[in-house]
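K.L.:
Let me begin by handing over the structure; questions about it come next.
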Amino acid sequence: MTDQSSQAEIVRNSLKRRYRKERRFRMYGILAIFIALASLFILFADIISKGHTGFLKTTITLDVTLDSETMYLDDPTDEDQRSMADFVAPIIASLQEHFPEVESAAEKRELGRLIGTYGASKIRDLLKDNPDMLNTTQTMEFLAHDRVSTYVKHADNPRYSIKLSEQQQGWVDQLLEKGVIDTSFNDVLFSRGDSREPANAGILGAIVGSLLTMLVTLAISFPVGIAAAVYLEEFAPQNRITDFIEVNINNLAAVPSIIFGLLGLAVFISLFGMPRSVPVVGGLVLALMTLPTIIISSRAAIKSVPPSIREAAEGVGASKMQVVLHHVIPLAMPGMLTGSIIGMAQALGETAPLLLIGMVAFIVDVPGGFFDSATVLPVQIYLWASSSEQGFVELASAGIMVLLTFMISMNALAIWLRKRLERRW
Amino acid sequence: MQTANLLPLVLVLAAVAYGLAYMRSRAVAAPLGGIRNLKALPFYYAARAALWCAIPALIVLAAWAGFEGKVIQGIVIATLPQDTWPESPGQASLILSQISNVAAGKLNPEFVPEHIAGAASVLEAMESQSENFKAALVLLVALAGAGFAWTRVAPHINARLNVETTLRRIFFVCAALAVLTTAGIVFSVILETVRFFGRVPITEFLFSTSWSPQTALRADQVGSDGAFGVIPLFTGTLLISAIALLVAVPVGLLSAIYLSEYASKRMRSTVKPVLEMLAGIPTVVYGFFAALTVAPFIRDLAQTVGLEASSQSALAAGLVMGIMIVPFVSSLSDDVINAVPQTMRDGSLALGATQSETMKKVIFPAALPGIIGGILLAASRAIGETMIVVMAAGLAANLTANPLESVTTVTVQIATLLVGDQEFDSAKTLSAFALGMLLFIVTLLLNVVALKIVRKYREQYD
């Protein structure tokens, strides 16, 4: 008896220590979850803080006198004259009106650098289309130079002003006060393709490129994935070929995505001689990459259709194929759709294989078809993020926000579909 | 006619064939006393006609579109004067791009040698001929298929069996596509790798400790040979993956344990999807985060404590990659922890063990094989990850174990060697395929082992 009570004593004495351990273990778990959630939060906060300014554009509104003498241009319809004319001069002249003290040529040049390099071509195009505007005064809105734009957007942070001379900073401050320089919603971002100058660059080209690529991916991977899943679940005999196919699918799901890029390069581009940088090849590569995901989730969806449905259909005389086409596939469709949408969201965010098949080219035009050179959203983000200019980094974060919006809405759609259409048996 | 136009045309033809066969089957059945005297429903006769119209035509179309380019290129090259024939594949692709630029009107024919301008006109003629032949052949095949199906609309023929067999075969081909993809991967990397080992001995590739694939433009340039030793790349990959796993395994495992054993149902159902969001974020976003936020932060932090850190440190890439693979570790561990039978938990608790003791002494050992399998899968994910390291890790192949230094990885090298224009026969380009092969083999082995472990463990409790 004494032995037992002493054992109970030992246990009782150790209880405190054991409970402490228990609490510590729980704390570790909470800490781990906290770390994971905090990283997610920091990631989002970082991107939003870096990128919200990307949705703003800085404009300079000027009354420009299109004087034929300052431009050395008599006839705007003459192409030779147009190519020789000085379209920067009227911009500088109208800026000078705000700063009469600017006299020297060097200072004038500095003043002219407040406007982005596409300002001159804006005047040229205007005159080309409306030759009668020569020698009139027009109110025009110009995109500010990237450095000015960065300075204006980050007025409270001296780190971003170093690229602008102090004199220029003074000018910009005065123009801001007068309301000549203004910031507004960046419609350029959603209406143009890439550009060498951040103020002029947009993601429309990349969005359209992504859309075209995804259409190809969807058109291939969805029907093929479902057909493969149906075969493996409903028709495949238990033999070595089936096993081999299953092992292959499981392994393909874990092959690094860049390997699919190598496949695309070696097979589609160099063997079949398909063009580089086009949505068709990108879509094909991504389709092969997402197939395993779609097959695996579709199989799960088919498995969840209860056998009683199949037996009932067979009982009234349906053939195996009729059972599958009329009952199993329609009932498994919500699950298949969910899996496919998640697979497509993955493909939308994929970058590495597309780098290898040449979708990293600098492409200004918005692609018009499946065989046009194009880039896609994540690759565009990668290209901008590798640039050293602050303006492009902003655009990259803005692009990330757009990409994440697409992906989150696709995932939300998948969840909604599952909730809406899922049937519990 | 363009492939893009032919495709919808074939589909329209198939739809027409469907409609015609449907009507014909009803017409055939009418004198016999209705469709119940047919062997199959009219739908099946119609579907068969559509399939026979579309499938052969699509196969012909795909084959033609696939090989058209290569065949025409070969013919165009053959029409060049003998003395201007290209000597190497690189030269051939240069000439071909010149020819196609002239043909497309991007290059003025006056600026190129005469034989190229001539070849350009040949190319144009061939291309338009090929388009015409293709259109004619595809349409002919489609019509023949539909016509044959038309003649086979007869009451004694069971079209349903035909249709079902065809569909079954299509399904099989779709499933077999996975095998074809694997074969394509293996084939494409092996071919180029063999060519690479023809130039660089395999022993140098596997055992040399220096990597600088830049082959010189001129033969007399310094360092013109290029060095192809994979060891520094592999240690770089392992260093970054190890850092990633050091982050992901404790965080993932502990959060899985907490969520499956302690958390309330509500917390579980909110935290789990949020955690899984980490896996859904595109890797380019993580790369951006690592390169522009984490790496400068680590550099500054290291400087304040007096350490030298590169602005592209392995630590930054590894940490961010670790965050990325947390959900892989946590959801796989969650599965295996939940697969441990409740009776084992109850038994341990009944003996007076606390929850954490049950976890550590009973459930964890029981779930260990599965957890290890999950970690191996996460490791293969980390090794194959590209964008984070392309953006945040460096290009210099340093052989180091210092996480503050810049290292490069296998995937970074594949991406940098193959981005942009490249000739297909230089050792530099081919080395990327050898690296791809290595990567493929390593990740495949990891996956096979991991899946074996997971499967074996699952069978124990089923």
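Order determines the names: the first chain of the structure tokens is A, the second B, and so forth; residues in each chain are numbered 1 upward, and ligands are numbered 1 upward as they are shown.
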Would you mind listing, as a ChimeraX atom specification, all residues of chain A that have at least one atom within 6 Å of chain B, where only C-alpha atoms are what counts?
P.N.:
/A:22,29,32-33,224,227-228,231,248-249,256,263,266,272-273,349,356
K.L.:
Run DSSP on the backbone and give me the residues of stretch 28-127 of chain A it puts in alpha helix (DSSP H), as a ChimeraX atom specification.
P.N.:
/A:28-51,68-71,79-84,88-98,105-112,119-127
K.L.:
Would you list the contacts of A:Tyr72 as JSON, numbers by chain, taking every protein, DNA or RNA residue within 12 Å and counting only C-alpha atoms, but skipping same-chain residues closer than 5 positions in sequence?
P.N.:
{"A": [66, 67, 80, 81, 82, 83, 84, 85, 86, 87, 88, 89, 90, 134, 135]}
K.L.:
So that I can check the surroundings of B:Ala136, please list as a VMD selection string every protein, DNA and RNA residue that reaches within 12 Å of it, counting only C-alpha atoms and ignoring chain neighbours fewer than 4 positions away.
P.N.:
chain B and resid 1 to 2 6 10 57 60 to 61 64 129 to 132 140 to 144
K.L.:
Enumerate, as a PyMOL selection string, the complete set of residues in stretch 121-238 of chain B that a backbone-based DSSP assignment places in strand (DSSP E or B).
P.N.:
chain B and resi 211-212+227-228
K.L.:
What is the atom CA of A:Ala332 to atom CA of A:Asn251 distance in Å?
P.N.:
24.3 Å
K.L.:
Env of A:Thr139: 8 Å cut, atoms = only C-alpha atoms, seq-sep filter 3 positions within chain, self excluded. Answer as an mmCIF file with N, CA and C atoms, in the first residue's frame.
P.N.:
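The result, stored in out.cif:
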```cif
data_model
loop_
_atom_site.group_PDB
_atom_site.id
_atom_site.type_symbol
_atom_site.label_atom_id
_atom_site.label_comp_id
_atom_site.auth_asym_id
_atom_site.auth_seq_id
_atom_site.Cartn_x
_atom_site.Cartn_y
_atom_site.Cartn_z
ATOM 1 N N THR A 61 -0.661 69.463 -66.809
ATOM 2 C CA THR A 61 -1.569 70.063 -67.780
ATOM 3 C C THR A 61 -1.032 71.432 -68.178
ATOM 4 N N LEU A 62 -0.849 71.619 -69.469
ATOM 5 C CA LEU A 62 -0.229 72.857 -69.948
ATOM 6 C C LEU A 62 -1.032 73.437 -71.097
ATOM 7 N N ASP A 63 -0.985 74.779 -71.203
ATOM 8 C CA ASP A 63 -1.517 75.440 -72.394
ATOM 9 C C ASP A 63 -0.363 75.547 -73.370
ATOM 10 N N VAL A 64 -0.384 74.721 -74.393
ATOM 11 C CA VAL A 64 0.753 74.664 -75.311
ATOM 12 C C VAL A 64 0.436 75.484 -76.553
#
```
K.L.:
Leaving out A:Ser298 and any residue of its chain fewer than 5 positions from it, which residues lie within 7 Å of it when counting only C-alpha atoms, given as a list of chain:residue names?
P.N.:
A:Ile226, A:Ala229, A:Gly335, A:Met336, A:Gly339
K.L.:
Using only C-alpha atoms, which protein or nucleic acid residues come within 8 Å of stretch 318-326 of chain A? Drop anything in the same chain fewer than 6 positions from it, and give the result as an MDAnalysis selection string.
P.N.:
(chainID A and resid 230 234 310) or (chainID B and resid 164)
K.L.:
Write the residues of the selection above to a file with N, CA, C and O atoms, as a PDB file, in the first residue's frame.
P.N.:
```
ATOM      1  N   VAL A 230     -12.354   9.832 -66.161  1.00  0.00           N
ATOM      2  CA  VAL A 230     -13.453   8.892 -66.380  1.00  0.00           C
ATOM      3  C   VAL A 230     -12.897   7.529 -66.773  1.00  0.00           C
ATOM      4  O   VAL A 230     -13.310   6.495 -66.244  1.00  0.00           O
ATOM      5  N   GLU A 234     -13.701   4.516 -64.327  1.00  0.00           N
ATOM      6  CA  GLU A 234     -14.860   3.720 -64.736  1.00  0.00           C
ATOM      7  C   GLU A 234     -14.525   2.564 -65.680  1.00  0.00           C
ATOM      8  O   GLU A 234     -15.183   1.537 -65.665  1.00  0.00           O
ATOM      9  N   ARG A 310     -25.074   4.186 -59.983  1.00  0.00           N
ATOM     10  CA  ARG A 310     -24.642   3.389 -61.136  1.00  0.00           C
ATOM     11  C   ARG A 310     -25.486   2.111 -61.237  1.00  0.00           C
ATOM     12  O   ARG A 310     -25.936   1.734 -62.312  1.00  0.00           O
TER      13      ARG A 310
ATOM     14  N   GLU B 164     -19.829   3.972 -78.591  1.00  0.00           N
ATOM     15  CA  GLU B 164     -19.277   3.740 -77.256  1.00  0.00           C
ATOM     16  C   GLU B 164     -17.841   3.250 -77.316  1.00  0.00           C
ATOM     17  O   GLU B 164     -17.001   3.651 -76.519  1.00  0.00           O
TER      18      GLU B 164
END
```
